[in-house]
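Q: Below is the structure I would like to discuss, written out as structure tokens.
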Amino acid sequence: MPYDSESSSTQENGAVKTIIVVEDDEDIGSFLVQAILQETNYQAMLLTDGFQCLKAVTSIKPNLFILDYHLPSMNGIELYDQLHAKKELEHVPAVVVSARLPRQDIDKRHIVGMNKPLELDEFLHTIERLLA
């Protein structure tokens, strides 16, 4: 079941930035969402597969994607390509996470790649850097 939570914190311009986390391991995904909600001023939403994400972005305009590489049905790179094919999402940054990153695909697309297990401080710093 997807985890959806809203943060009461707002950015200086009054709009809360939204991060979509796509992770099929709900324990890991819930941990990442909770870390984002507790340690940043951003809203976060957990989705468990690429198709849920593609559906969600028809009504939600995220500011950042956190994509697991090993997802059911389509991997994180394939999902990234479909998201960035949409004009309104082509400039939204993404972080791909995996125990074994497809480094060539990530580098070719200029995506930030992070190895699992994630180091939480580095993960949060990366989010802050991408959304600054």
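Letters A, B, ... go to the chains of the structure tokens in the order shown; residues in each chain start at 1; ligands are counted from 1 in the same order.
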Just the residues within 7 Å of Asp49 in chain A, please, counting only C-alpha atoms, with nothing from its chain fewer than 6 positions along; format it as a PDB file with N, CA and C atoms, in the first residue's frame.

A:
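out-v2.pdb, written as the output of this step:
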```
ATOM      1  N   VAL A  22      10.105   6.009  -5.368  1.00  0.00           N
ATOM      2  CA  VAL A  22       9.591   4.786  -5.983  1.00  0.00           C
ATOM      3  C   VAL A  22      10.505   3.645  -5.546  1.00  0.00           C
ATOM      4  N   GLU A  23       9.986   2.826  -4.643  1.00  0.00           N
ATOM      5  CA  GLU A  23      10.761   1.741  -4.026  1.00  0.00           C
ATOM      6  C   GLU A  23       9.810   0.591  -3.752  1.00  0.00           C
ATOM      7  N   ASP A  24      10.105  -0.592  -4.321  1.00  0.00           N
ATOM      8  CA  ASP A  24       9.202  -1.738  -4.147  1.00  0.00           C
ATOM      9  C   ASP A  24       9.352  -2.424  -2.793  1.00  0.00           C
ATOM     10  N   LEU A  71      13.001  -2.396  -9.914  1.00  0.00           N
ATOM     11  CA  LEU A  71      11.554  -2.305  -9.697  1.00  0.00           C
ATOM     12  C   LEU A  71      10.857  -3.387 -10.510  1.00  0.00           C
ATOM     13  N   PRO A  72       9.656  -3.802 -10.086  1.00  0.00           N
ATOM     14  CA  PRO A  72       8.904  -4.762 -10.905  1.00  0.00           C
ATOM     15  C   PRO A  72       8.419  -4.095 -12.197  1.00  0.00           C
TER      16      PRO A  72
END
```

Q: Can you pull out the residues contacting range 101-115 of chain A? Cut-off 8 Å, using only C-alpha atoms, and skip same-chain residues under 6 positions away; I want them as a list in words.

A: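 Once the adjacent positions are removed, what remains is Tyr69, Ile77, Pro93, Ala94, Val95 and Phe123 of chain A.
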
Q: Could you name the residues that touch Leu32 in chain A at 10 Å or less, counting only C-alpha atoms, but leaving out those on the same chain fewer than 5 positions away, as a ChimeraX atom specification?

A: /A:21,23,26-27,37-38,44-46,66,118,120,123-124

Q: Can you check which residues of range 8-123 of chain A DSSP gives as strand (DSSP E) on the backbone and send them as JSON, numbers by chain?

A: {"A": [18, 19, 20, 21, 22, 43, 44, 45, 46, 47, 64, 65, 66, 67, 68, 94, 95, 96, 97, 98, 112, 113, 114, 115]}

Q: Tell me which of A:Val92, A:Glu119, A:Lys87, A:Ala132 sits closest to Ala35 in chain A, counting only C-alpha atoms.

A: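 With only C-alpha atoms as the atom set, the closest residue is A:Glu119.
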
Q: With distances taken over only C-alpha atoms, which residue among A:His84, A:Gln34, A:Pro62, A:Ile28 lies nearest Val97 in chain A?

A: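 Looking at the shortest contact to Val97 in chain A, the residue is A:Ile28.
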
Q: Would you list the contacts of Val57 in chain A as a PyMOL selection string, taking every protein, DNA or RNA residue within 12 Å and counting only C-alpha atoms, but skipping same-chain residues closer than 5 positions in sequence?

A: chain A and resi 18-20+45+47+50-52+62-65+79+82-84+86-89+92

Q: Could you state the separation of CA of Asn41 in chain A and CA of Leu67 in chain A in Å, given to one decimal place?

A: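 Atom-to-atom, CA of Asn41 in chain A and CA of Leu67 in chain A are spaced 19.9 Å apart.
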
Q: I need the residues of range 29-115 of chain A that end up classed as alpha helix (DSSP H) by DSSP on the backbone, written out as a PDB file with N, CA and C atoms, in the first residue's frame.

A:
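Below is the file that was written, part07.pdb:
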```
ATOM      1  N   GLY A  29      11.374   1.910   1.544  1.00  0.00           N
ATOM      2  CA  GLY A  29      10.662   3.103   1.076  1.00  0.00           C
ATOM      3  C   GLY A  29      10.083   3.918   2.217  1.00  0.00           C
ATOM      4  N   SER A  30       9.456   3.253   3.176  1.00  0.00           N
ATOM      5  CA  SER A  30       8.883   3.956   4.333  1.00  0.00           C
ATOM      6  C   SER A  30       9.974   4.639   5.157  1.00  0.00           C
ATOM      7  N   PHE A  31      11.108   3.965   5.309  1.00  0.00           N
ATOM      8  CA  PHE A  31      12.232   4.557   6.023  1.00  0.00           C
ATOM      9  C   PHE A  31      12.713   5.831   5.323  1.00  0.00           C
ATOM     10  N   LEU A  32      12.849   5.780   4.000  1.00  0.00           N
ATOM     11  CA  LEU A  32      13.314   6.950   3.252  1.00  0.00           C
ATOM     12  C   LEU A  32      12.321   8.102   3.361  1.00  0.00           C
ATOM     13  N   VAL A  33      11.029   7.798   3.225  1.00  0.00           N
ATOM     14  CA  VAL A  33       9.993   8.832   3.321  1.00  0.00           C
ATOM     15  C   VAL A  33      10.017   9.459   4.718  1.00  0.00           C
ATOM     16  N   GLN A  34      10.093   8.634   5.764  1.00  0.00           N
ATOM     17  CA  GLN A  34      10.127   9.169   7.127  1.00  0.00           C
ATOM     18  C   GLN A  34      11.370  10.031   7.347  1.00  0.00           C
ATOM     19  N   ALA A  35      12.509   9.616   6.823  1.00  0.00           N
ATOM     20  CA  ALA A  35      13.735  10.414   6.958  1.00  0.00           C
ATOM     21  C   ALA A  35      13.556  11.770   6.286  1.00  0.00           C
ATOM     22  N   ILE A  36      12.967  11.776   5.102  1.00  0.00           N
ATOM     23  CA  ILE A  36      12.733  13.033   4.385  1.00  0.00           C
ATOM     24  C   ILE A  36      11.787  13.927   5.184  1.00  0.00           C
ATOM     25  N   LEU A  37      10.694  13.369   5.678  1.00  0.00           N
ATOM     26  CA  LEU A  37       9.704  14.158   6.420  1.00  0.00           C
ATOM     27  C   LEU A  37      10.274  14.704   7.729  1.00  0.00           C
ATOM     28  N   GLN A  38      11.094  13.922   8.400  1.00  0.00           N
ATOM     29  CA  GLN A  38      11.619  14.334   9.705  1.00  0.00           C
ATOM     30  C   GLN A  38      12.840  15.243   9.613  1.00  0.00           C
ATOM     31  N   GLU A  39      13.630  15.091   8.557  1.00  0.00           N
ATOM     32  CA  GLU A  39      14.904  15.800   8.488  1.00  0.00           C
ATOM     33  C   GLU A  39      14.938  16.939   7.466  1.00  0.00           C
ATOM     34  N   GLY A  50       6.721   1.550 -11.003  1.00  0.00           N
ATOM     35  CA  GLY A  50       6.779   2.598 -12.009  1.00  0.00           C
ATOM     36  C   GLY A  50       5.416   3.005 -12.538  1.00  0.00           C
ATOM     37  N   PHE A  51       4.498   2.050 -12.656  1.00  0.00           N
ATOM     38  CA  PHE A  51       3.176   2.390 -13.186  1.00  0.00           C
ATOM     39  C   PHE A  51       2.411   3.297 -12.233  1.00  0.00           C
ATOM     40  N   GLN A  52       2.550   3.072 -10.915  1.00  0.00           N
ATOM     41  CA  GLN A  52       1.933   3.972  -9.938  1.00  0.00           C
ATOM     42  C   GLN A  52       2.519   5.375 -10.086  1.00  0.00           C
ATOM     43  N   CYS A  53       3.815   5.444 -10.311  1.00  0.00           N
ATOM     44  CA  CYS A  53       4.475   6.740 -10.461  1.00  0.00           C
ATOM     45  C   CYS A  53       3.977   7.465 -11.709  1.00  0.00           C
ATOM     46  N   LEU A  54       3.902   6.751 -12.821  1.00  0.00           N
ATOM     47  CA  LEU A  54       3.435   7.375 -14.057  1.00  0.00           C
ATOM     48  C   LEU A  54       1.999   7.880 -13.910  1.00  0.00           C
ATOM     49  N   LYS A  55       1.181   7.158 -13.164  1.00  0.00           N
ATOM     50  CA  LYS A  55      -0.195   7.600 -12.906  1.00  0.00           C
ATOM     51  C   LYS A  55      -0.196   8.825 -11.984  1.00  0.00           C
ATOM     52  N   ALA A  56       0.620   8.802 -10.934  1.00  0.00           N
ATOM     53  CA  ALA A  56       0.643   9.892  -9.958  1.00  0.00           C
ATOM     54  C   ALA A  56       1.060  11.219 -10.577  1.00  0.00           C
ATOM     55  N   GLY A  76      14.376   1.363 -12.805  1.00  0.00           N
ATOM     56  CA  GLY A  76      14.417   2.794 -12.511  1.00  0.00           C
ATOM     57  C   GLY A  76      14.880   3.651 -13.671  1.00  0.00           C
ATOM     58  N   ILE A  77      15.766   3.129 -14.502  1.00  0.00           N
ATOM     59  CA  ILE A  77      16.227   3.885 -15.681  1.00  0.00           C
ATOM     60  C   ILE A  77      15.103   3.992 -16.712  1.00  0.00           C
ATOM     61  N   GLU A  78      14.395   2.894 -16.941  1.00  0.00           N
ATOM     62  CA  GLU A  78      13.256   2.925 -17.871  1.00  0.00           C
ATOM     63  C   GLU A  78      12.189   3.889 -17.367  1.00  0.00           C
ATOM     64  N   LEU A  79      11.933   3.885 -16.073  1.00  0.00           N
ATOM     65  CA  LEU A  79      10.966   4.818 -15.502  1.00  0.00           C
ATOM     66  C   LEU A  79      11.445   6.250 -15.665  1.00  0.00           C
ATOM     67  N   TYR A  80      12.710   6.497 -15.376  1.00  0.00           N
ATOM     68  CA  TYR A  80      13.285   7.829 -15.563  1.00  0.00           C
ATOM     69  C   TYR A  80      13.076   8.312 -17.001  1.00  0.00           C
ATOM     70  N   ASP A  81      13.363   7.443 -17.975  1.00  0.00           N
ATOM     71  CA  ASP A  81      13.208   7.823 -19.380  1.00  0.00           C
ATOM     72  C   ASP A  81      11.760   8.183 -19.701  1.00  0.00           C
ATOM     73  N   GLN A  82      10.799   7.413 -19.179  1.00  0.00           N
ATOM     74  CA  GLN A  82       9.386   7.716 -19.441  1.00  0.00           C
ATOM     75  C   GLN A  82       8.965   9.020 -18.765  1.00  0.00           C
ATOM     76  N   LEU A  83       9.437   9.253 -17.556  1.00  0.00           N
ATOM     77  CA  LEU A  83       9.105  10.496 -16.850  1.00  0.00           C
ATOM     78  C   LEU A  83       9.691  11.702 -17.576  1.00  0.00           C
ATOM     79  N   HIS A  84      10.944  11.590 -17.975  1.00  0.00           N
ATOM     80  CA  HIS A  84      11.606  12.725 -18.621  1.00  0.00           C
ATOM     81  C   HIS A  84      11.173  12.933 -20.063  1.00  0.00           C
ATOM     82  N   ARG A 103      26.069   2.018 -13.847  1.00  0.00           N
ATOM     83  CA  ARG A 103      26.828   3.274 -13.913  1.00  0.00           C
ATOM     84  C   ARG A 103      26.814   3.917 -15.298  1.00  0.00           C
ATOM     85  N   GLN A 104      26.942   3.138 -16.353  1.00  0.00           N
ATOM     86  CA  GLN A 104      26.967   3.707 -17.704  1.00  0.00           C
ATOM     87  C   GLN A 104      25.647   4.402 -18.032  1.00  0.00           C
ATOM     88  N   ASP A 105      24.522   3.764 -17.728  1.00  0.00           N
ATOM     89  CA  ASP A 105      23.209   4.355 -17.996  1.00  0.00           C
ATOM     90  C   ASP A 105      22.987   5.619 -17.168  1.00  0.00           C
ATOM     91  N   ILE A 106      23.434   5.595 -15.928  1.00  0.00           N
ATOM     92  CA  ILE A 106      23.274   6.750 -15.041  1.00  0.00           C
ATOM     93  C   ILE A 106      24.121   7.915 -15.534  1.00  0.00           C
ATOM     94  N   ASP A 107      25.380   7.648 -15.850  1.00  0.00           N
ATOM     95  CA  ASP A 107      26.275   8.701 -16.323  1.00  0.00           C
ATOM     96  C   ASP A 107      25.791   9.306 -17.632  1.00  0.00           C
ATOM     97  N   LYS A 108      25.307   8.468 -18.546  1.00  0.00           N
ATOM     98  CA  LYS A 108      24.824   8.943 -19.842  1.00  0.00           C
ATOM     99  C   LYS A 108      23.667   9.939 -19.682  1.00  0.00           C
ATOM    100  N   ARG A 109      22.836   9.718 -18.666  1.00  0.00           N
ATOM    101  CA  ARG A 109      21.658  10.565 -18.444  1.00  0.00           C
ATOM    102  C   ARG A 109      21.915  11.667 -17.412  1.00  0.00           C
TER     103      ARG A 109
END
```
